[in-house]
Amino acid sequence: MRILSTVTTILLLFTAIFSQQSTAIIPELDCSQPIDIFFALDASDSLTQEEFTLEKTLVIQLLQRLIDGNRDANAGFLTFTQVINNVQNLESNLLLVQFALNNAVFDREGTSLLAPITYVYDNIFSPGNADLRGNSRKLFFLITDGEDQDSTLMQLTDISRLLEERNVTIITLGIGTLTSTVQLSEIATRPHEQNLLLFSDLNEALANISSIIDRTCTIPVVTLESVTVESSTSVTITWTPYTFATVSSYKICLTLEMRECNISFHVDPTSSSFTVDDLVPNTLYSVSVFAVTDLGVTPTSNIIQAMTSEMSVQPTILTAESLLFNLIQATWLDYGSGASYEVCVRLSGANTCVQNVSAAAGSTMTFISGLEAYTFYDVSIVAITAQGRSQPSNTITLRTAANRPGAPASLNATAQSAIELTITWTETPIEQHFGVIVEYLVCIRVVGEESCDFTLMHNATDMPFQVTQSDLEPNTTYSIRVRAINEAGSGLYTDNLYISTEPLQAVQLTAETESENIIRLTWSAVNLPSSSIINGVLAVSESPDGAVSYFSISQADALLNELDVAGFRPATTYYFTLKLNTTSGITPESNQANATTDEGEPSGAPTNFSAEAVSNTSVLLTWGEVEEDLRNGVIINYTICYSISENSCDNETVVNAPLLESTIDGLEPGTMYYFQIRASTAVGVGPSSDSISHITSTPVLVIVYIRADSYSSIDLAWENLQVTVTGYEIIIREEGSTDEVVIQYNSPTDVPESSYIITGLEPYTLYYVIVRAVTPEGNINSTERSVRTNETFPDSSVTNITATAVNSSTITLSWDEVMEGDRNGVITAYDVCVEGAGGSCDILLTVYAPDRQVSISGLINETEYSVIIRAYTSAGAGPFSQQVLVTTLPLAPGEPDVEVTVENGPLVTINGTFSQVGGPVSDVTVCVRLSEATECVNITIDSDVVMFTGNTDGLEPNTDYEVVTTIVGPGGTTVLDPVLITTLPELPEGPVENIESESSTTSIFLNWTEPASPNDDNLTFYISITLEGVVIDTIETTDTEVEISGLDSNTVYNITITPSNSVGNSTDVTTIAVATEQGI
């Protein structure tokens, strides 16, 4: 449809050019502007119900297409026969309009076209309609399949033109062969052929929705009536006033050779004609008219061509050239006849001279200054003679030279990212171009730098004026300025604009589960161009703070902002962070994103699968969970498969998690079974475990429980066999005995288990019990079970009590256990009763087993005591024993005050004095020993009742000893605490050896070796210097060398060296004579 419309326009245009007739050229109009649409639908009886439904469908589709994407559209409708029905006023809610239209009622009466037009004029496109908008495009569709036989053509025409005066475009749609083309043509808005559409039926109309839209979205144009040539330089243009919208002005356009407007004027909206002067003589002009309305500028009118007449004789201007950007030179041929000249310089295309320069008669050249740079000027000359002014000469159009341009305007910059700035500006004001601006130079520099860090060139013909610079430093302030360049050179810079790049920011990371082992990562780089990304580093862990694995992301993947990462375990949560390596550094670590992979089938079987017999017909199966990293999700159940054939699965049972055991019943006794198990998640079943086998047992009699009922009875129960049993025998024997007691018992067989209490047993005795089932096929014995009867108190007391007096106040007691057969349990403790002269327990104490001895102190010396003892089990105490008598000893001697003296050499003296005599002293023994485990060196003691003394010299010198004194008397023996001593060392033995000497005039140097037996670590040497029998100096040293100074030269000194230790000086001394050197 658009191709046809364009071709039609071209044909009409050429027709207008060559015929100089008025022809409307109607291009398409944008229907997305504010629009009010109203439909009138024929509901007369010439239509069927199906056709009326098609008519409503046509309107709905027209409405949807006309307002497609338009948020500023109102619509309404009515149905008509000879009267008006189903009215829906203009409404912005188009869904409501469609709903009302779908529910419109089919009336089935005659047809009146005058009725809907009149109603729309009075009520819809009426100033009184509050829903009508003044600034909207107004369309009225009239759809009918009939003819109005009651209204005149004049009535229909008049009411339609009244609607047009309200700027309403009427579009008529005739359906079928019964319509009146004349009526519909007069109703339609002019040009009628544009707004009248005829279709054979409604289906054809529906099929041509697009052509209806194309025909509808147009506006009328101005009609150009005539162009009259007035002279060689002027024409008068006449047109029909435009009535389809409110006109603010008319635009007159004159073109040469069918190009764009060379000459244009805006004319008052009340005018319908205009005279254009200062045209070029003998020139063909194409003339057209536009209306500037409140709805916009109309398309071009029809075009009329007119040729201006020839001019009279005139001067001839030869040249005009620009010497400077504001100066031109004009030359011409002399007109003769004493003519002077007037040179007119006009802005190109203008009618008024910006400068009139006079030139004297006979002149053929002049200069015109004060012009604008790089501006087109028209230059012509008029000769002035006595006869008057000639026609203007030919016009020469030229442009003044260029000048450096002014600064661009509206400089702005936006930080696109951490490394990228986008810089925009508007062109240098046109009046400051001063030439053809060919490009713009953008200077970018870090604040503080003198020269441009980046220089960008932008072609002046490329719009918009915008450049983008990457590879900048993040978080850095830059200074930006721009200047224009024309043929005259570079112009002024703009003022500096300061802007900072963004700091590098972390990417925004998200994670999304794709499958059981794939997670999709997506990220967005904030303020970071893709061109700066080099690669990335992805950190992956299985907990927010867990161990991290790092993976490199290639540049290609990093630029995609999306990556599917595979190889994960099912049903596992993974945590991710991302850093991008860019040309400007590494971004901070991203937010931590996480995702949990979907569950999968288990990749492993349950562990530790085992079978244990429960009975001869049932097996207890137990297993462990699938290893955690093989579960691949939440285990919901376990499937057990079993069969008597190893490689088949005849039976299955399902056990819900978290149970880890199951009892399989109903098996055949004495049969080999094979078992396998596998685990399931919600996704599916995992692999089976290795097969295990189990042989069910032959019938076994199982004792359910056996326990002591008292100290003389046992209670037991057993499972009744599922075979014929004629009776049961209970066989019992005591530990250590081979004698068996057999108890006959007939148990009922209709109960699951039987029980029996065995009485008359011994206390705390271990018994072994077997239950035997007597069957026709033979006896079936249970496993032998053991049980011990409960404890009771002992039947007898302890034996072999021994009581010993230790001293005057202490006795010791010991005893043997109660006879084994009388204990009746485990002996836990003993009561010990010590009775004095009073006959009652003066001392009662408890001794806990296994101890069977005790020491009792605090008794009275030389007193007889009676001792009785009884034993305890957990059940209570047994009887007391027979009494045992014991008498305490007399008082023992008191402890003496002892003094031990260590004398020179290995000599020890001991002196002791008794402060209290506890009894006669019969013996005093003093033992000197290295330790408790070594033999004594006894000291010979002289003693009497109150004191003793003794000494020994048979000890080792410089050795640690302990001295132990023992006092013996009738009342006992007293052993004193050891006294620790150290014997003294002996004196050094032997003189010093290997004495060497050196001398000078005033000193002597000696050195020697130690004696053979120093006998002490604290060895010291005393050096005595004697001159003529007088000791003149003494030196003490622990070294084996000494220097003696301050001596006289050439003199003999006697020097004595005496070894000494902590005991004293050795008797072995050494004396040598040494002479000093003779002086000079």
# chains A, B, ... in the order shown; residues from 1 in each chain; ligands from 1
>>> residues_around(residues="segment 580-592 of chain A", least_positions_apart="6", cutoff="6 Å", atoms="only C-alpha atoms", output="ChimeraX atom specification")
/A:504-507,532-536
>>> closest_atom_pairs(of="segment 488-538 of chain A", to="segment 407-411 of chain A", cutoff="8 Å", atoms="only C-alpha atoms", output="tab-separated table")
residue	atom	partner	partner_atom	distance
A:Gly491	CA	A:Ala407	CA	6.4
A:Leu492	CA	A:Ala407	CA	4.8
A:Tyr493	CA	A:Ala407	CA	5.4
A:Thr494	CA	A:Ala407	CA	5.3
A:Leu497	CA	A:Leu411	CA	7.4
>>> write_last_selection(atoms="N, CA, C and O atoms", output="PDB file, in the first residue's frame")
ATOM      1  N   GLY A 491      40.023  26.641  16.809  1.00  0.00           N
ATOM      2  CA  GLY A 491      39.329  27.717  17.491  1.00  0.00           C
ATOM      3  C   GLY A 491      39.607  27.729  18.984  1.00  0.00           C
ATOM      4  O   GLY A 491      40.544  27.114  19.489  1.00  0.00           O
ATOM      5  N   LEU A 492      38.742  28.448  19.688  1.00  0.00           N
ATOM      6  CA  LEU A 492      38.897  28.594  21.133  1.00  0.00           C
ATOM      7  C   LEU A 492      38.498  27.308  21.835  1.00  0.00           C
ATOM      8  O   LEU A 492      37.553  26.617  21.422  1.00  0.00           O
ATOM      9  N   TYR A 493      39.225  26.999  22.948  1.00  0.00           N
ATOM     10  CA  TYR A 493      38.821  25.890  23.818  1.00  0.00           C
ATOM     11  C   TYR A 493      37.608  26.305  24.649  1.00  0.00           C
ATOM     12  O   TYR A 493      37.427  27.478  24.990  1.00  0.00           O
ATOM     13  N   THR A 494      36.822  25.300  25.025  1.00  0.00           N
ATOM     14  CA  THR A 494      35.808  25.521  26.057  1.00  0.00           C
ATOM     15  C   THR A 494      36.492  25.690  27.409  1.00  0.00           C
ATOM     16  O   THR A 494      37.697  25.442  27.554  1.00  0.00           O
ATOM     17  N   LEU A 497      36.354  21.300  32.050  1.00  0.00           N
ATOM     18  CA  LEU A 497      35.327  20.535  32.766  1.00  0.00           C
ATOM     19  C   LEU A 497      36.049  19.451  33.562  1.00  0.00           C
ATOM     20  O   LEU A 497      36.883  18.722  33.024  1.00  0.00           O
TER      21      LEU A 497
END
>>> residues_around(residues="Asn356 of chain A", least_positions_apart="5", cutoff="7 Å", atoms="only C-alpha atoms", output="PDB file with N, CA and C atoms, in the first residue's frame")
ATOM      1  N   GLU A 342      25.949  51.641  -7.747  1.00  0.00           N
ATOM      2  CA  GLU A 342      25.588  51.277  -6.361  1.00  0.00           C
ATOM      3  C   GLU A 342      25.679  49.750  -6.261  1.00  0.00           C
ATOM      4  N   VAL A 343      26.621  49.323  -5.414  1.00  0.00           N
ATOM      5  CA  VAL A 343      26.825  47.879  -5.248  1.00  0.00           C
ATOM      6  C   VAL A 343      26.014  47.422  -4.032  1.00  0.00           C
ATOM      7  N   CYS A 344      25.186  46.419  -4.217  1.00  0.00           N
ATOM      8  CA  CYS A 344      24.333  45.869  -3.129  1.00  0.00           C
ATOM      9  C   CYS A 344      24.891  44.500  -2.704  1.00  0.00           C
ATOM     10  N   VAL A 345      25.158  44.410  -1.395  1.00  0.00           N
ATOM     11  CA  VAL A 345      25.604  43.132  -0.823  1.00  0.00           C
ATOM     12  C   VAL A 345      24.496  42.625   0.095  1.00  0.00           C
TER      13      VAL A 345
END
>>> select_by_dssp(residues="segment 58-269 of chain A", states="strand (DSSP E)", output="PyMOL selection string")
chain A and resi 73-80+84-91+137-144+168-175+196-199+223-229+235-240+247-255+263-267
>>> write_last_selection(atoms="C-alpha atoms", output="PDB file, in the first residue's frame")
ATOM      1  CA  ALA A  73      -6.404   7.589  22.654  1.00  0.00           C
ATOM      2  CA  ASN A  74     -10.141   7.736  23.442  1.00  0.00           C
ATOM      3  CA  ALA A  75     -12.828   5.740  21.624  1.00  0.00           C
ATOM      4  CA  GLY A  76     -16.594   5.270  21.577  1.00  0.00           C
ATOM      5  CA  PHE A  77     -19.412   3.892  19.426  1.00  0.00           C
ATOM      6  CA  LEU A  78     -23.135   3.725  18.761  1.00  0.00           C
ATOM      7  CA  THR A  79     -25.408   1.434  16.744  1.00  0.00           C
ATOM      8  CA  PHE A  80     -28.114   2.837  14.523  1.00  0.00           C
ATOM      9  CA  ILE A  84     -29.779   5.445  17.993  1.00  0.00           C
ATOM     10  CA  ASN A  85     -28.946   2.552  20.347  1.00  0.00           C
ATOM     11  CA  ASN A  86     -26.050   1.112  22.369  1.00  0.00           C
ATOM     12  CA  VAL A  87     -24.197   4.405  22.881  1.00  0.00           C
ATOM     13  CA  GLN A  88     -20.718   4.314  24.441  1.00  0.00           C
ATOM     14  CA  ASN A  89     -19.253   7.814  24.935  1.00  0.00           C
ATOM     15  CA  LEU A  90     -15.548   8.530  24.403  1.00  0.00           C
ATOM     16  CA  GLU A  91     -13.576   6.459  26.906  1.00  0.00           C
ATOM     17  CA  ARG A 137      -7.206  14.276  16.111  1.00  0.00           C
ATOM     18  CA  LYS A 138     -10.924  13.496  15.580  1.00  0.00           C
ATOM     19  CA  LEU A 139     -12.097  10.571  13.432  1.00  0.00           C
ATOM     20  CA  PHE A 140     -15.685   9.468  12.767  1.00  0.00           C
ATOM     21  CA  PHE A 141     -16.279   6.100  11.059  1.00  0.00           C
ATOM     22  CA  LEU A 142     -19.748   5.513   9.521  1.00  0.00           C
ATOM     23  CA  ILE A 143     -20.307   1.844   8.556  1.00  0.00           C
ATOM     24  CA  THR A 144     -23.436   0.803   6.621  1.00  0.00           C
ATOM     25  CA  VAL A 168     -13.725  15.999  12.403  1.00  0.00           C
ATOM     26  CA  THR A 169     -12.597  13.683   9.597  1.00  0.00           C
ATOM     27  CA  ILE A 170     -15.526  11.523   8.406  1.00  0.00           C
ATOM     28  CA  ILE A 171     -14.676   8.150   6.903  1.00  0.00           C
ATOM     29  CA  THR A 172     -17.507   6.150   5.292  1.00  0.00           C
ATOM     30  CA  LEU A 173     -17.340   2.369   4.796  1.00  0.00           C
ATOM     31  CA  GLY A 174     -19.909   0.954   2.371  1.00  0.00           C
ATOM     32  CA  ILE A 175     -20.569  -2.783   2.610  1.00  0.00           C
ATOM     33  CA  LEU A 196     -14.829   6.679   1.007  1.00  0.00           C
ATOM     34  CA  LEU A 197     -14.084   2.947   1.085  1.00  0.00           C
ATOM     35  CA  LEU A 198     -16.321   0.319  -0.578  1.00  0.00           C
ATOM     36  CA  PHE A 199     -16.207  -3.444   0.040  1.00  0.00           C
ATOM     37  CA  THR A 223      -5.068  23.671  -2.334  1.00  0.00           C
ATOM     38  CA  LEU A 224      -2.843  26.023  -4.437  1.00  0.00           C
ATOM     39  CA  GLU A 225      -5.154  27.835  -6.921  1.00  0.00           C
ATOM     40  CA  SER A 226      -2.818  29.955  -9.096  1.00  0.00           C
ATOM     41  CA  VAL A 227       0.598  31.611  -9.578  1.00  0.00           C
ATOM     42  CA  THR A 228       0.562  34.916 -11.592  1.00  0.00           C
ATOM     43  CA  VAL A 229       3.773  36.438 -13.010  1.00  0.00           C
ATOM     44  CA  VAL A 235       4.862  36.697  -8.837  1.00  0.00           C
ATOM     45  CA  THR A 236       1.507  36.617  -6.972  1.00  0.00           C
ATOM     46  CA  ILE A 237       0.429  33.318  -5.323  1.00  0.00           C
ATOM     47  CA  THR A 238      -3.256  32.471  -4.503  1.00  0.00           C
ATOM     48  CA  TRP A 239      -4.609  29.469  -2.468  1.00  0.00           C
ATOM     49  CA  THR A 240      -7.811  28.159  -0.874  1.00  0.00           C
ATOM     50  CA  VAL A 247      -3.967  27.626  11.109  1.00  0.00           C
ATOM     51  CA  SER A 248      -1.245  29.719  12.747  1.00  0.00           C
ATOM     52  CA  SER A 249       0.481  30.676   9.454  1.00  0.00           C
ATOM     53  CA  TYR A 250       1.042  29.659   5.826  1.00  0.00           C
ATOM     54  CA  LYS A 251       4.453  28.812   4.468  1.00  0.00           C
ATOM     55  CA  ILE A 252       5.177  29.766   0.825  1.00  0.00           C
ATOM     56  CA  CYS A 253       7.942  27.749  -0.832  1.00  0.00           C
ATOM     57  CA  LEU A 254       9.659  28.599  -4.174  1.00  0.00           C
ATOM     58  CA  THR A 255      12.140  26.099  -5.561  1.00  0.00           C
ATOM     59  CA  ILE A 263      12.945  30.987  -1.110  1.00  0.00           C
ATOM     60  CA  SER A 264      10.343  30.686   1.685  1.00  0.00           C
ATOM     61  CA  PHE A 265       8.010  33.054   3.519  1.00  0.00           C
ATOM     62  CA  HIS A 266       5.584  32.727   6.440  1.00  0.00           C
ATOM     63  CA  VAL A 267       2.262  34.514   5.771  1.00  0.00           C
TER      64      VAL A 267
END
>>> closest_residue(among="A:Gly176, A:Arg133, A:Thr366, A:Ser112", to="Gln155 of chain A", atoms="only C-alpha atoms")
A:Ser112
>>> select_by_dssp(residues="segment 141-390 of chain A", states="helix (DSSP H, G or I)", output="PyMOL selection string")
chain A and resi 153-165+181-187+192-195+202-207+209-216
>>> write_last_selection(atoms="C-alpha atoms", output="mmCIF file, in the first residue's frame")
data_model
loop_
_atom_site.group_PDB
_atom_site.id
_atom_site.type_symbol
_atom_site.label_atom_id
_atom_site.label_comp_id
_atom_site.auth_asym_id
_atom_site.auth_seq_id
_atom_site.Cartn_x
_atom_site.Cartn_y
_atom_site.Cartn_z
ATOM 1 C CA LEU A 153 -28.569 14.545 -0.127
ATOM 2 C CA MET A 154 -28.488 18.188 0.984
ATOM 3 C CA GLN A 155 -29.332 17.214 4.578
ATOM 4 C CA LEU A 156 -26.570 14.659 4.644
ATOM 5 C CA THR A 157 -24.063 17.099 3.055
ATOM 6 C CA ASP A 158 -24.889 19.987 5.376
ATOM 7 C CA ILE A 159 -24.606 18.047 8.620
ATOM 8 C CA SER A 160 -21.327 16.426 7.405
ATOM 9 C CA ARG A 161 -19.765 19.808 6.583
ATOM 10 C CA LEU A 162 -20.766 21.097 10.038
ATOM 11 C CA LEU A 163 -18.827 18.190 11.553
ATOM 12 C CA GLU A 164 -15.825 19.034 9.345
ATOM 13 C CA GLU A 165 -15.886 22.603 10.671
ATOM 14 C CA THR A 181 -22.079 5.695 -3.299
ATOM 15 C CA VAL A 182 -23.389 9.226 -3.836
ATOM 16 C CA GLN A 183 -24.631 9.560 -0.257
ATOM 17 C CA LEU A 184 -21.480 8.062 1.241
ATOM 18 C CA SER A 185 -19.240 10.226 -0.976
ATOM 19 C CA GLU A 186 -20.965 13.441 0.122
ATOM 20 C CA ILE A 187 -20.812 12.436 3.779
ATOM 21 C CA HIS A 192 -14.139 12.341 -0.961
ATOM 22 C CA GLU A 193 -12.241 9.671 -2.835
ATOM 23 C CA GLN A 194 -9.717 9.565 0.022
ATOM 24 C CA ASN A 195 -12.259 8.934 2.773
ATOM 25 C CA LEU A 202 -17.598 -7.601 5.683
ATOM 26 C CA ASN A 203 -15.100 -10.417 5.133
ATOM 27 C CA GLU A 204 -13.429 -8.343 2.405
ATOM 28 C CA ALA A 205 -13.350 -5.361 4.748
ATOM 29 C CA LEU A 206 -11.726 -7.493 7.457
ATOM 30 C CA ALA A 207 -9.155 -8.714 4.935
ATOM 31 C CA ILE A 209 -7.768 -3.693 7.539
ATOM 32 C CA SER A 210 -4.297 -2.458 6.580
ATOM 33 C CA SER A 211 -5.557 -0.462 3.548
ATOM 34 C CA ILE A 212 -8.263 1.140 5.719
ATOM 35 C CA ILE A 213 -5.600 2.176 8.216
ATOM 36 C CA ASP A 214 -3.373 3.538 5.406
ATOM 37 C CA ARG A 215 -6.247 5.563 3.995
ATOM 38 C CA THR A 216 -7.335 6.793 7.405
#
>>> closest_residue(among="A:Ser541, A:Ser286, A:Thr698, A:Ser797", to="Asn616 of chain A", atoms="only C-alpha atoms")
A:Thr698
>>> residues_around(residues="Glu862 of chain A", least_positions_apart="2", cutoff="8 Å", atoms="only C-alpha atoms", output="mmCIF file with C-alpha atoms, in the first residue's frame")
data_model
loop_
_atom_site.group_PDB
_atom_site.id
_atom_site.type_symbol
_atom_site.label_atom_id
_atom_site.label_comp_id
_atom_site.auth_asym_id
_atom_site.auth_seq_id
_atom_site.Cartn_x
_atom_site.Cartn_y
_atom_site.Cartn_z
ATOM 1 C CA SER A 808 51.315 -50.099 124.703
ATOM 2 C CA ILE A 860 45.272 -48.449 127.265
ATOM 3 C CA GLU A 864 43.153 -57.025 127.940
ATOM 4 C CA THR A 887 46.664 -57.509 125.928
ATOM 5 C CA THR A 888 48.488 -54.243 125.093
ATOM 6 C CA LEU A 889 52.202 -53.934 125.909
ATOM 7 C CA PRO A 890 53.772 -51.811 128.674
#
>>> decode(residues="segment 1068-1077 of chain A", atoms="all heavy atoms", output="CSV table (one decimal), in the first residue's frame")
chain,number,residue,atom,x,y,z
A,1068,ASP,N,101.8,-31.3,102.7
A,1068,ASP,CA,102.7,-31.6,101.6
A,1068,ASP,C,102.9,-30.2,100.9
A,1068,ASP,O,102.0,-29.9,100.1
A,1068,ASP,CB,102.2,-32.6,100.7
A,1068,ASP,CG,102.1,-34.0,101.4
A,1068,ASP,OD1,103.0,-34.3,102.2
A,1068,ASP,OD2,101.1,-34.8,101.1
A,1069,VAL,N,104.0,-29.5,101.2
A,1069,VAL,CA,104.2,-28.2,100.5
A,1069,VAL,C,105.4,-28.3,99.6
A,1069,VAL,O,106.2,-29.2,99.8
A,1069,VAL,CB,104.4,-27.1,101.5
A,1069,VAL,CG1,103.1,-26.9,102.4
A,1069,VAL,CG2,105.6,-27.3,102.4
A,1070,THR,N,105.6,-27.4,98.7
A,1070,THR,CA,106.7,-27.4,97.8
A,1070,THR,C,107.4,-26.0,97.8
A,1070,THR,O,106.6,-25.0,97.6
A,1070,THR,CB,106.3,-27.7,96.3
A,1070,THR,OG1,105.6,-29.0,96.3
A,1070,THR,CG2,107.4,-27.8,95.4
A,1071,THR,N,108.7,-25.9,97.9
A,1071,THR,CA,109.4,-24.7,97.9
A,1071,THR,C,110.5,-24.7,96.9
A,1071,THR,O,111.2,-25.7,96.8
A,1071,THR,CB,110.0,-24.4,99.3
A,1071,THR,OG1,109.0,-24.4,100.3
A,1071,THR,CG2,110.8,-23.1,99.3
A,1072,ILE,N,110.6,-23.6,96.0
A,1072,ILE,CA,111.6,-23.5,95.0
A,1072,ILE,C,112.2,-22.2,95.1
A,1072,ILE,O,111.6,-21.2,95.6
A,1072,ILE,CB,111.0,-23.8,93.6
A,1072,ILE,CG1,110.0,-22.7,93.2
A,1072,ILE,CG2,110.4,-25.1,93.5
A,1072,ILE,CD1,109.6,-22.7,91.8
A,1073,ALA,N,113.5,-22.1,94.6
A,1073,ALA,CA,114.2,-20.8,94.6
A,1073,ALA,C,114.2,-20.3,93.1
A,1073,ALA,O,114.6,-21.0,92.2
A,1073,ALA,CB,115.6,-20.9,95.1
A,1074,VAL,N,113.9,-19.0,92.9
A,1074,VAL,CA,113.8,-18.5,91.5
A,1074,VAL,C,114.5,-17.1,91.6
A,1074,VAL,O,114.2,-16.3,92.5
A,1074,VAL,CB,112.4,-18.4,91.0
A,1074,VAL,CG1,112.4,-17.8,89.6
A,1074,VAL,CG2,111.7,-19.7,91.1
A,1075,ALA,N,115.4,-16.8,90.6
A,1075,ALA,CA,116.1,-15.5,90.6
A,1075,ALA,C,115.5,-14.7,89.5
A,1075,ALA,O,115.2,-15.2,88.4
A,1075,ALA,CB,117.6,-15.8,90.4
A,1076,THR,N,115.4,-13.4,89.8
A,1076,THR,CA,115.0,-12.4,88.8
A,1076,THR,C,116.2,-12.1,87.9
A,1076,THR,O,117.3,-12.3,88.2
A,1076,THR,CB,114.4,-11.1,89.4
A,1076,THR,OG1,115.4,-10.6,90.3
A,1076,THR,CG2,113.2,-11.4,90.2
A,1077,GLU,N,115.9,-11.6,86.7
A,1077,GLU,CA,117.0,-11.2,85.8
A,1077,GLU,C,117.7,-10.0,86.2
A,1077,GLU,O,117.2,-9.2,87.0
A,1077,GLU,CB,116.4,-11.0,84.4
A,1077,GLU,CG,115.7,-12.2,83.7
A,1077,GLU,CD,116.7,-13.2,83.3
A,1077,GLU,OE1,117.8,-12.8,83.0
A,1077,GLU,OE2,116.3,-14.4,83.3
